[in-house]
>>> print(open('structure_32.txt').read())   # compact mmCIF, C-alpha atoms and all ligand atoms
# COMPACT_ATOMS: atom_id res chain seq x y z
CA MET K 1149 25.61 6.06 7.87
CA PRO K 1150 22.95 4.61 5.53
CA GLU K 1151 22.46 6.47 2.26
CA PHE K 1152 18.68 6.52 2.59
CA THR K 1153 16.30 7.36 5.42
CA LEU K 1154 12.74 6.08 5.20
CA TYR K 1155 9.87 7.45 7.27
CA ASN K 1156 7.13 4.88 7.14
CA ALA K 1157 4.74 2.59 9.01
CA PRO K 1158 4.72 -1.23 9.15
CA GLN K 1159 1.11 -1.71 8.04
CA SER K 1160 1.01 1.19 5.56
CA THR K 1161 0.41 -0.11 2.06
CA CYS K 1162 2.23 2.85 0.50
CA SER K 1163 5.25 2.21 2.73
CA GLN K 1164 5.34 -1.47 1.76
CA ARG K 1165 5.98 -0.54 -1.89
CA VAL K 1166 9.04 1.48 -0.92
CA ARG K 1167 10.40 -1.10 1.54
CA PHE K 1168 10.12 -3.74 -1.19
CA VAL K 1169 12.19 -1.73 -3.68
CA LEU K 1170 14.83 -0.75 -1.10
CA ASN K 1171 15.12 -4.38 0.04
CA ALA K 1172 15.15 -5.86 -3.47
CA LYS K 1173 17.94 -3.51 -4.49
CA GLY K 1174 19.89 -4.23 -1.31
CA LEU K 1175 20.02 -0.53 -0.43
CA ASP K 1176 21.03 0.37 3.10
CA PHE K 1177 18.41 2.53 4.79
CA ALA K 1178 17.61 3.90 8.22
CA GLU K 1179 13.99 3.20 9.04
CA HIS K 1180 11.80 5.47 11.14
CA ARG K 1181 8.56 3.73 12.07
CA LEU K 1182 5.75 6.20 12.69
CA ASP K 1183 2.70 5.30 14.75
CA LEU K 1184 -0.11 6.57 12.55
CA PHE K 1185 -2.74 6.13 15.26
CA SER K 1186 -0.76 8.22 17.75
CA GLY K 1187 -0.53 10.97 15.14
CA ASP K 1188 3.23 10.87 14.52
CA GLN K 1189 2.56 11.84 10.89
CA LEU K 1190 0.86 15.07 11.98
CA LYS K 1191 3.59 16.31 14.31
CA PRO K 1192 5.17 19.62 13.24
CA GLU K 1193 8.60 18.03 12.80
CA TYR K 1194 7.21 15.43 10.39
CA LEU K 1195 5.02 17.97 8.54
CA LYS K 1196 8.25 19.80 7.73
CA ILE K 1197 9.37 16.64 5.91
CA ASN K 1198 5.99 15.81 4.35
CA PRO K 1199 3.42 18.63 4.50
CA ASN K 1200 0.74 16.12 3.41
CA GLY K 1201 1.00 14.39 6.79
CA VAL K 1202 1.25 10.89 5.33
CA VAL K 1203 3.90 8.20 5.00
CA PRO K 1204 6.15 7.29 3.27
CA ALA K 1205 8.84 9.94 2.91
CA LEU K 1206 12.35 9.21 1.70
CA MET K 1207 15.46 11.28 2.41
CA HIS K 1208 18.41 10.91 0.07
CA ASN K 1209 21.51 13.09 -0.04
CA GLY K 1210 19.75 15.72 2.07
CA GLN K 1211 16.77 15.86 -0.32
CA THR K 1212 13.22 14.71 0.36
CA VAL K 1213 11.33 12.51 -2.09
CA LEU K 1214 7.59 12.10 -1.52
CA ASP K 1215 4.75 9.85 -2.63
CA SER K 1216 5.26 6.10 -2.82
CA ALA K 1217 4.83 5.82 -6.62
CA VAL K 1218 7.26 8.69 -7.16
CA ILE K 1219 9.71 7.26 -4.62
CA ILE K 1220 9.86 3.82 -6.24
CA GLU K 1221 10.45 5.40 -9.65
CA TYR K 1222 13.14 7.61 -8.12
CA LEU K 1223 14.88 4.61 -6.53
CA ASP K 1224 14.80 2.62 -9.76
CA GLU K 1225 16.21 5.59 -11.67
CA THR K 1226 18.97 6.48 -9.22
CA SER K 1227 19.94 2.93 -8.13
CA PRO K 1228 19.46 0.68 -11.16
CA GLY K 1229 22.20 -1.67 -9.79
CA ARG K 1230 21.20 -5.12 -8.60
CA ILE K 1231 17.77 -5.28 -10.22
CA SER K 1232 15.84 -2.88 -12.44
CA PHE K 1233 12.05 -2.72 -12.30
CA THR K 1234 11.60 -0.43 -15.32
CA PRO K 1235 11.47 -1.62 -18.93
CA THR K 1236 14.07 -0.06 -21.24
CA ASP K 1237 11.68 0.29 -24.18
CA PRO K 1238 9.92 3.70 -23.91
CA VAL K 1239 6.57 2.28 -25.03
CA ALA K 1240 6.71 -0.47 -22.39
CA ARG K 1241 7.82 2.13 -19.83
CA ALA K 1242 4.83 4.31 -20.71
CA ARG K 1243 2.52 1.30 -20.34
CA MET K 1244 4.00 0.53 -16.92
CA ARG K 1245 3.40 4.13 -15.81
CA TRP K 1246 -0.14 4.01 -17.17
CA MET K 1247 -0.76 0.86 -15.07
CA MET K 1248 0.65 2.63 -12.03
CA ARG K 1249 -1.70 5.60 -12.54
CA TYR K 1250 -4.67 3.23 -12.75
CA ILE K 1251 -3.52 1.43 -9.59
CA ASP K 1252 -3.31 4.74 -7.73
CA GLU K 1253 -6.65 5.90 -9.11
CA ILE K 1254 -8.82 2.79 -8.48
CA PRO K 1255 -7.68 -0.01 -6.13
CA THR K 1256 -5.26 1.90 -3.86
CA PRO K 1257 -7.84 4.39 -2.52
CA ALA K 1258 -10.58 1.70 -2.58
CA VAL K 1259 -8.74 -0.72 -0.28
CA ARG K 1260 -8.61 1.93 2.45
CA VAL K 1261 -12.39 1.70 2.94
CA PRO K 1262 -12.59 -1.98 4.02
CA SER K 1263 -9.25 -1.59 5.85
CA TYR K 1264 -10.68 1.18 8.02
CA ASN K 1265 -14.07 -0.46 8.50
CA LEU K 1266 -12.68 -3.90 9.33
CA ALA K 1267 -9.52 -3.02 11.25
CA PHE K 1268 -8.86 0.61 12.13
CA LEU K 1269 -12.29 1.74 13.32
CA PRO K 1270 -11.75 0.87 17.03
CA HIS K 1271 -9.04 3.56 17.11
CA PHE K 1272 -11.73 6.19 16.53
CA ARG K 1273 -14.85 4.70 18.10
CA ASN K 1274 -14.20 5.93 21.63
CA MET K 1275 -13.27 9.49 20.68
CA THR K 1276 -15.66 12.33 21.41
CA GLU K 1277 -17.26 13.91 18.34
CA GLU K 1278 -15.24 17.10 18.97
CA ALA K 1279 -11.93 15.23 19.20
CA PHE K 1280 -12.76 13.24 16.07
CA THR K 1281 -13.68 16.35 14.06
CA ALA K 1282 -10.51 18.09 15.25
CA LEU K 1283 -8.47 15.06 14.17
CA ALA K 1284 -10.13 14.99 10.73
CA ASN K 1285 -9.53 18.73 10.30
CA SER K 1286 -5.86 18.32 11.13
CA LYS K 1287 -5.26 15.88 8.24
CA PRO K 1288 -4.01 17.70 5.15
CA LEU K 1289 -4.82 14.82 2.78
CA ARG K 1290 -7.45 12.68 4.53
CA LYS K 1291 -9.87 15.17 6.09
CA GLU K 1292 -12.86 14.30 3.89
CA PHE K 1293 -12.05 10.58 4.00
CA LEU K 1294 -12.23 10.60 7.78
CA LEU K 1295 -15.36 12.78 7.93
CA THR K 1296 -17.16 10.42 5.52
CA MET K 1297 -16.15 7.46 7.66
CA GLY K 1298 -17.20 9.07 10.94
CA ARG K 1299 -16.69 7.26 14.22
CA THR K 1300 -19.06 4.46 13.25
CA GLY K 1301 -17.54 3.48 9.92
CA PHE K 1302 -18.26 3.93 6.24
CA PRO K 1303 -21.89 3.32 5.31
CA LYS K 1304 -22.79 0.23 3.30
CA SER K 1305 -23.06 2.25 0.07
CA GLU K 1306 -19.41 3.37 0.41
CA MET K 1307 -18.26 -0.16 1.26
CA ASP K 1308 -20.14 -1.61 -1.73
CA GLN K 1309 -18.62 0.98 -4.03
CA ALA K 1310 -15.10 0.30 -2.73
CA LEU K 1311 -15.55 -3.47 -3.12
CA ASP K 1312 -16.85 -2.96 -6.65
CA ARG K 1313 -13.78 -0.88 -7.51
CA LEU K 1314 -11.52 -3.55 -6.02
CA ASN K 1315 -13.25 -6.28 -8.00
CA ARG K 1316 -12.94 -4.25 -11.21
CA ALA K 1317 -9.23 -3.75 -10.52
CA VAL K 1318 -8.79 -7.50 -10.01
CA VAL K 1319 -10.45 -8.13 -13.40
CA ARG K 1320 -8.11 -5.56 -14.97
CA MET K 1321 -5.06 -7.07 -13.29
CA ASN K 1322 -6.02 -10.51 -14.55
CA GLU K 1323 -6.32 -9.14 -18.11
CA TRP K 1324 -2.86 -7.59 -17.85
CA ILE K 1325 -1.27 -10.84 -16.67
CA VAL K 1326 -3.03 -12.92 -19.34
CA GLN K 1327 -2.10 -10.41 -22.10
CA GLY K 1328 1.53 -10.34 -20.93
CA GLY K 1329 1.74 -14.14 -21.16
CA GLY K 1330 4.00 -14.48 -18.09
CA THR K 1331 3.72 -14.43 -14.31
CA TRP K 1332 3.83 -10.65 -13.87
CA LEU K 1333 1.71 -7.75 -15.08
CA MET K 1334 4.00 -7.14 -18.04
CA GLY K 1335 5.13 -10.67 -18.86
CA ASP K 1336 8.22 -12.36 -17.47
CA GLN K 1337 9.82 -9.33 -15.86
CA ILE K 1338 8.63 -7.96 -12.56
CA THR K 1339 8.16 -4.17 -12.87
CA LEU K 1340 7.21 -1.25 -10.67
CA ALA K 1341 3.57 -1.87 -11.65
CA ASP K 1342 3.69 -5.22 -9.81
CA ILE K 1343 5.18 -3.53 -6.77
CA ALA K 1344 2.55 -0.79 -6.93
CA ILE K 1345 -0.34 -3.27 -6.81
CA MET K 1346 1.33 -5.72 -4.39
CA PRO K 1347 0.06 -4.07 -1.15
CA VAL K 1348 -3.53 -3.99 -2.46
CA ILE K 1349 -3.59 -7.71 -3.27
CA VAL K 1350 -1.74 -8.67 -0.07
CA ARG K 1351 -4.16 -6.50 1.97
CA MET K 1352 -7.21 -7.99 0.22
CA ASP K 1353 -5.91 -11.47 1.00
CA ASP K 1354 -5.17 -10.43 4.59
CA ILE K 1355 -8.71 -9.16 5.23
CA ASN K 1356 -10.48 -12.08 3.56
CA LEU K 1357 -11.27 -10.45 0.23
CA HIS K 1358 -9.33 -13.15 -1.63
CA THR K 1359 -12.59 -14.57 -3.02
CA SER K 1360 -12.39 -11.75 -5.56
CA TRP K 1361 -9.90 -13.83 -7.59
CA ALA K 1362 -11.20 -17.32 -6.76
CA ASP K 1363 -11.83 -17.89 -10.50
CA LYS K 1364 -8.59 -16.20 -11.61
CA PRO K 1365 -5.65 -18.60 -11.17
CA ALA K 1366 -3.26 -16.08 -12.79
CA ILE K 1367 -3.69 -13.81 -9.77
CA SER K 1368 -3.18 -16.63 -7.23
CA LYS K 1369 -0.01 -17.55 -9.14
CA TRP K 1370 1.12 -13.90 -9.16
CA LEU K 1371 0.58 -13.68 -5.37
CA GLU K 1372 2.52 -16.87 -4.80
CA ALA K 1373 5.36 -15.54 -6.99
CA ILE K 1374 5.66 -12.20 -5.24
CA ARG K 1375 5.66 -13.95 -1.86
CA THR K 1376 8.66 -16.00 -2.90
CA GLU K 1377 10.72 -12.89 -3.78
CA SER K 1378 13.34 -12.48 -1.05
CA ALA K 1379 12.42 -8.79 -0.64
CA TYR K 1380 8.89 -9.84 0.31
CA THR K 1381 9.90 -11.35 3.65
CA THR K 1382 12.02 -8.36 4.68
CA THR K 1383 9.28 -5.97 3.59
CA TYR K 1384 6.44 -7.72 5.40
CA TYR K 1385 8.20 -8.09 8.75
CA HIS K 1386 5.99 -9.07 11.67
CA GLY K 1387 3.35 -6.40 12.27
CA SER K 1388 2.99 -5.45 8.61
CA LEU K 1389 -0.17 -7.51 8.09
CA LEU K 1390 -3.40 -6.47 9.76
CA THR K 1391 -4.04 -10.05 10.93
CA GLU K 1392 -0.81 -9.77 12.93
CA LYS K 1393 -2.06 -6.68 14.75
CA TYR K 1394 -5.80 -7.14 15.09
CA PRO K 1395 -6.87 -10.37 16.82
CA HIS K 1396 -10.44 -10.31 15.47
CA LEU K 1397 -9.08 -10.39 11.89
CA ALA K 1398 -6.69 -13.19 12.78
CA ASP K 1399 -9.65 -15.20 14.06
CA LEU K 1400 -11.51 -14.70 10.78
CA ARG K 1401 -8.45 -15.93 8.92
CA LYS K 1402 -8.18 -19.03 11.11
CA GLN K 1403 -11.84 -19.82 10.34
CA ARG K 1404 -11.05 -19.46 6.62
CA LYS K 1405 -8.19 -21.94 6.87
CA ALA K 1406 -10.28 -24.39 8.88
CA GLY K 1407 -13.30 -24.07 6.60
N1 LIG O 1 -0.23 9.04 -2.44
C1 LIG O 1 0.48 8.90 -1.18
C2 LIG O 1 -0.51 8.46 -0.12
C3 LIG O 1 0.16 8.22 1.21
C4 LIG O 1 -0.83 7.72 2.26
O1 LIG O 1 -2.05 7.84 2.12
N2 LIG O 1 -0.29 7.16 3.34
C5 LIG O 1 -1.10 6.64 4.41
C6 LIG O 1 -0.63 5.25 4.81
S1 LIG O 1 -0.72 4.12 3.43
C7 LIG O 1 -0.95 7.53 5.63
O2 LIG O 1 0.13 7.95 5.95
N3 LIG O 1 -2.06 7.80 6.35
C8 LIG O 1 -2.01 8.58 7.52
C9 LIG O 1 -3.29 9.27 7.82
O3 LIG O 1 -4.30 9.00 7.16
O4 LIG O 1 -3.29 10.09 8.72
C10 LIG O 1 1.62 7.89 -1.35
O5 LIG O 1 1.46 6.96 -2.13
O6 LIG O 1 2.67 8.07 -0.73
>>> encode(input="structure_32.txt", output="C-alpha cells")
Amino acid sequence: MPEFTLYNAPQSTCSQRVRFVLNAKGLDFAEHRLDLFSGDQLKPEYLKINPNGVVPALMHNGQTVLDSAVIIEYLDETSPGRISFTPTDPVARARMRWMMRYIDEIPTPAVRVPSYNLAFLPHFRNMTEEAFTALANSKPLRKEFLLTMGRTGFPKSEMDQALDRLNRAVVRMNEWIVQGGGTWLMGDQITLADIAIMPVIVRMDDINLHTSWADKPAISKWLEAIRTESAYTTTYYHGSLLTEKYPHLADLRKQRKAG
C-alpha cells in the first residue's frame, strides 16, 4: 500500500505543487481525483478530511496534512531522500519561506480571477440565482470569492486588479531570479519557492497571460527549465492544463502559435 494518499484535482494549482514534490522525490502515493465542479470537495466525507472544503489534502501514517504550502514543506522535511528543496542555511531557509508567503499572498489568489472568468464561468452560468447562492454559502473558504464573481463573472475592476497583482508578482519574480544569479528563484538550486510559484506561471502561460514576461527572458528561461524537470511531465498529466479541458481556450492558444 502506498505510504501517502493525496486528495487533489488535475487542474488545481495548489494540487500541482504537491504532485510535483511527490513525483520529484519518487514517493509512492495513492491519488484521489476530486471533481471540483461536481462538489466532491464539499461532500461530508471529504469535509471530515479537510473542513475547508478545498484540495489538496495529504494523508500520511494515518495523519492529515493540509494546505499545499504546508504539505510541500512537510514532504521535504519528512522525506529529504532523493532531492531536497530546502536550503540548509537558516537565513536562506527563512528567505525561501518569505518568498512562499508572498506567493500565497499576491499571485496565487490573483490567478484565480482570470481562471474563473476565462475558463470556469460556464459551470455557473446556467444555475439559478438560488442554487448559486446556496453553492457559495456552502463553501467554507470561497464563499465571498464566489459571491463577488456572481454567475456573470468578475467585473472589469476586479479583473484589472488581479492582472495588476500578477504583473507585480512577475516583476518581483524576475528580481529574485536576477539577484540569485542562476536559473531559479534562489540561484542554482531549485527550492520550494520555485514549486510554489510554478502553477501560477504555468497557468498564466496556459491562459495567454504570458505577455506579462515578454521583456523578462529570465522568466522564460525559468519556465523552460521547470518544464524539463522529469517531475513536471508526471505532474501535468493530460487534463491538468485548462487548454486541455476547455476548447475555447485551446483555440486562443492555437491563434497565438499561428500569429
Ligand atoms: N491555501 C489552500 C487553498 C486551497 C484551494 O483554494 N484549493 C482550490 C483548488 S486550487 C479548491 O479546492 N477549490 C475548490 C472550491 O473553490 O470549491 C492550499 O494551498 O491548499
>>> closest_residue(input="structure_32.txt", among="K:Thr1212, K:Asn1198, K:Thr1382, K:Gln1309", to="K:Val1261", atoms="all atoms listed in the file")
K:Gln1309
>>> closest_residue(input="structure_32.txt", among="K:Thr1256, K:Thr1226, K:Thr1236, K:Thr1331", to="ligand LIG 1 (chain O)", atoms="only C-alpha atoms and all ligand atoms")
K:Thr1256
>>> atom_distance(input="structure_32.txt", atom1="atom CA of K:Gly1229", atom2="atom C2 of ligand LIG 1 (chain O)")
26.7 Å
>>> closest_atom_pairs(input="structure_32.txt", of="chain K", to="ligand LIG 1 (chain O)", cutoff="7 Å", atoms="all atoms listed in the file", output="JSON lines")
{"residue": "K:Ser1160", "atom": "CA", "partner": "O:LIG1", "partner_atom": "S1", "distance": 4.0}
{"residue": "K:Thr1161", "atom": "CA", "partner": "O:LIG1", "partner_atom": "S1", "distance": 4.6}
{"residue": "K:Cys1162", "atom": "CA", "partner": "O:LIG1", "partner_atom": "S1", "distance": 4.3}
{"residue": "K:Ser1163", "atom": "CA", "partner": "O:LIG1", "partner_atom": "S1", "distance": 6.3}
{"residue": "K:Leu1184", "atom": "CA", "partner": "O:LIG1", "partner_atom": "C8", "distance": 5.7}
{"residue": "K:Gln1189", "atom": "CA", "partner": "O:LIG1", "partner_atom": "O4", "distance": 6.5}
{"residue": "K:Gly1201", "atom": "CA", "partner": "O:LIG1", "partner_atom": "O4", "distance": 6.4}
{"residue": "K:Val1202", "atom": "CA", "partner": "O:LIG1", "partner_atom": "O2", "distance": 3.2}
{"residue": "K:Val1203", "atom": "CA", "partner": "O:LIG1", "partner_atom": "O2", "distance": 3.9}
{"residue": "K:Pro1204", "atom": "CA", "partner": "O:LIG1", "partner_atom": "O6", "distance": 5.4}
{"residue": "K:Leu1214", "atom": "CA", "partner": "O:LIG1", "partner_atom": "O6", "distance": 6.4}
{"residue": "K:Asp1215", "atom": "CA", "partner": "O:LIG1", "partner_atom": "O6", "distance": 3.3}
{"residue": "K:Ser1216", "atom": "CA", "partner": "O:LIG1", "partner_atom": "O6", "distance": 3.9}
{"residue": "K:Ala1217", "atom": "CA", "partner": "O:LIG1", "partner_atom": "O5", "distance": 5.7}
{"residue": "K:Lys1287", "atom": "CA", "partner": "O:LIG1", "partner_atom": "O4", "distance": 6.1}
{"residue": "K:Arg1290", "atom": "CA", "partner": "O:LIG1", "partner_atom": "O3", "distance": 5.5}
>>> axis_aligned_box(input="structure_32.txt", around="stretch 1256-1271 of chain K", padding_each_side="8 Å", output="JSON")
{"center_x": -9.7, "center_y": 0.2, "center_z": 6.6, "size_x": 24.8, "size_y": 24.3, "size_z": 37.0}
>>> atom_distance(input="structure_32.txt", atom1="atom CA of K:Gln1403", atom2="atom CA of K:Ala1379")
28.8 Å
>>> residues_around(input="structure_32.txt", residues="K:Arg1167", least_positions_apart="4", cutoff="12 Å", atoms="all atoms listed in the file", output="ChimeraX atom specification")
/K:1152-1163,1171-1181,1203-1206,1216,1219-1220,1223,1343-1344,1346-1347,1379-1385,1388
>>> residues_around(input="structure_32.txt", residues="K:Ile1254", least_positions_apart="3", cutoff="10 Å", atoms="all atoms listed in the file", output="list in words")
Arg1249, Tyr1250, Ile1251, Pro1257, Ala1258, Val1259, Ala1310, Arg1313, Leu1314, Arg1316 and Ala1317 of chain K
>>> atom_distance(input="structure_32.txt", atom1="atom CA of K:Ala1366", atom2="atom CA of K:Ile1325")
6.8 Å
>>> residues_near_point(input="structure_32.txt", point="(4.5, -3.8, -9.4)", cutoff="9 Å", atoms="only C-alpha atoms", output="list in words")
Arg1165, Phe1233, Met1244, Met1248, Trp1332, Leu1333, Ile1338, Thr1339, Leu1340, Ala1341, Asp1342, Ile1343, Ala1344, Ile1345 and Met1346 of chain K
>>> residues_near_point(input="structure_32.txt", point="(-16.5, -2.8, 11.2)", cutoff="12 Å", atoms="only C-alpha atoms", output="ChimeraX atom specification")
/K:1261-1273,1297-1304,1307,1355,1396-1397
>>> residues_around(input="structure_32.txt", residues="K:Val1326", least_positions_apart="6", cutoff="12 Å", atoms="all atoms listed in the file", output="PyMOL selection string")
chain K and resi 1319-1320+1332-1336+1364-1367+1369-1370
>>> closest_residue(input="structure_32.txt", among="K:Leu1170, K:Ala1282, K:Pro1235, K:Gly1328", to="K:Tyr1222", atoms="only C-alpha atoms")
K:Leu1170
>>> closest_residue(input="structure_32.txt", among="K:Arg1404, K:Arg1351, K:Arg1230, K:His1358", to="K:Leu1390", atoms="all atoms listed in the file")
K:Arg1351
>>> closest_residue(input="structure_32.txt", among="K:Val1348, K:Leu1283, K:Ala1398, K:Leu1371", to="K:Arg1260", atoms="all atoms listed in the file")
K:Val1348
>>> closest_residue(input="structure_32.txt", among="K:Met1247, K:Leu1182, K:Met1207, K:Val1350", to="K:Glu1323", atoms="all atoms listed in the file")
K:Met1247
>>> decode(input="structure_32.txt", residues="stretch 1305-1365 of chain K", atoms="C-alpha atoms", output="JSON list (two decimals), in the first residue's frame")
[["chain", "number", "residue", "atom", "x", "y", "z"],
["K", 1305, "SER", "CA", -12.32, 46.38, -11.90],
["K", 1306, "GLU", "CA", -11.63, 43.02, -10.17],
["K", 1307, "MET", "CA", -10.00, 41.59, -13.31],
["K", 1308, "ASP", "CA", -7.79, 44.67, -13.70],
["K", 1309, "GLN", "CA", -6.74, 44.46, -10.06],
["K", 1310, "ALA", "CA", -5.91, 40.76, -10.35],
["K", 1311, "LEU", "CA", -3.89, 41.32, -13.53],
["K", 1312, "ASP", "CA", -2.03, 44.17, -11.85],
["K", 1313, "ARG", "CA", -1.16, 41.90, -8.91],
["K", 1314, "LEU", "CA", 0.01, 39.19, -11.31],
["K", 1315, "ASN", "CA", 2.18, 41.65, -13.21],
["K", 1316, "ARG", "CA", 3.69, 42.93, -9.96],
["K", 1317, "ALA", "CA", 4.45, 39.36, -8.92],
["K", 1318, "VAL", "CA", 6.16, 38.71, -12.26],
["K", 1319, "VAL", "CA", 8.35, 41.80, -11.71],
["K", 1320, "ARG", "CA", 9.20, 40.52, -8.22],
["K", 1321, "MET", "CA", 9.96, 37.03, -9.50],
["K", 1322, "ASN", "CA", 12.27, 38.47, -12.14],
["K", 1323, "GLU", "CA", 14.13, 40.46, -9.46],
["K", 1324, "TRP", "CA", 14.57, 37.30, -7.38],
["K", 1325, "ILE", "CA", 16.00, 35.34, -10.31],
["K", 1326, "VAL", "CA", 18.34, 38.15, -11.34],
["K", 1327, "GLN", "CA", 19.53, 38.68, -7.73],
["K", 1328, "GLY", "CA", 20.12, 34.94, -7.29],
["K", 1329, "GLY", "CA", 22.32, 34.85, -10.40],
["K", 1330, "GLY", "CA", 21.10, 31.39, -11.50],
["K", 1331, "THR", "CA", 18.11, 29.81, -13.20],
["K", 1332, "TRP", "CA", 15.90, 29.51, -10.12],
["K", 1333, "LEU", "CA", 14.45, 31.97, -7.61],
["K", 1334, "MET", "CA", 17.33, 31.39, -5.21],
["K", 1335, "GLY", "CA", 20.21, 30.78, -7.60],
["K", 1336, "ASP", "CA", 21.30, 27.40, -8.91],
["K", 1337, "GLN", "CA", 19.21, 25.24, -6.61],
["K", 1338, "ILE", "CA", 15.52, 24.69, -7.20],
["K", 1339, "THR", "CA", 13.64, 25.27, -3.92],
["K", 1340, "LEU", "CA", 10.10, 25.04, -2.61],
["K", 1341, "ALA", "CA", 9.64, 28.70, -3.62],
["K", 1342, "ASP", "CA", 10.02, 27.70, -7.29],
["K", 1343, "ILE", "CA", 7.48, 24.93, -6.81],
["K", 1344, "ALA", "CA", 5.11, 27.32, -5.04],
["K", 1345, "ILE", "CA", 5.09, 29.79, -7.94],
["K", 1346, "MET", "CA", 5.20, 27.15, -10.71],
["K", 1347, "PRO", "CA", 1.39, 26.70, -11.04],
["K", 1348, "VAL", "CA", 0.85, 30.47, -11.29],
["K", 1349, "ILE", "CA", 3.33, 30.90, -14.15],
["K", 1350, "VAL", "CA", 2.17, 27.73, -15.93],
["K", 1351, "ARG", "CA", -1.47, 28.88, -15.58],
["K", 1352, "MET", "CA", -0.65, 32.39, -16.84],
["K", 1353, "ASP", "CA", 1.07, 30.86, -19.86],
["K", 1354, "ASP", "CA", -1.87, 28.49, -20.37],
["K", 1355, "ILE", "CA", -4.46, 31.29, -20.45],
["K", 1356, "ASN", "CA", -2.44, 33.63, -22.66],
["K", 1357, "LEU", "CA", -1.09, 35.94, -19.97],
["K", 1358, "HIS", "CA", 2.50, 35.12, -20.98],
["K", 1359, "THR", "CA", 2.91, 38.65, -22.39],
["K", 1360, "SER", "CA", 3.48, 39.71, -18.79],
["K", 1361, "TRP", "CA", 7.10, 38.50, -19.06],
["K", 1362, "ALA", "CA", 7.71, 39.23, -22.76],
["K", 1363, "ASP", "CA", 10.56, 41.58, -21.74],
["K", 1364, "LYS", "CA", 11.88, 39.29, -18.99],
["K", 1365, "PRO", "CA", 13.99, 36.49, -20.52]]
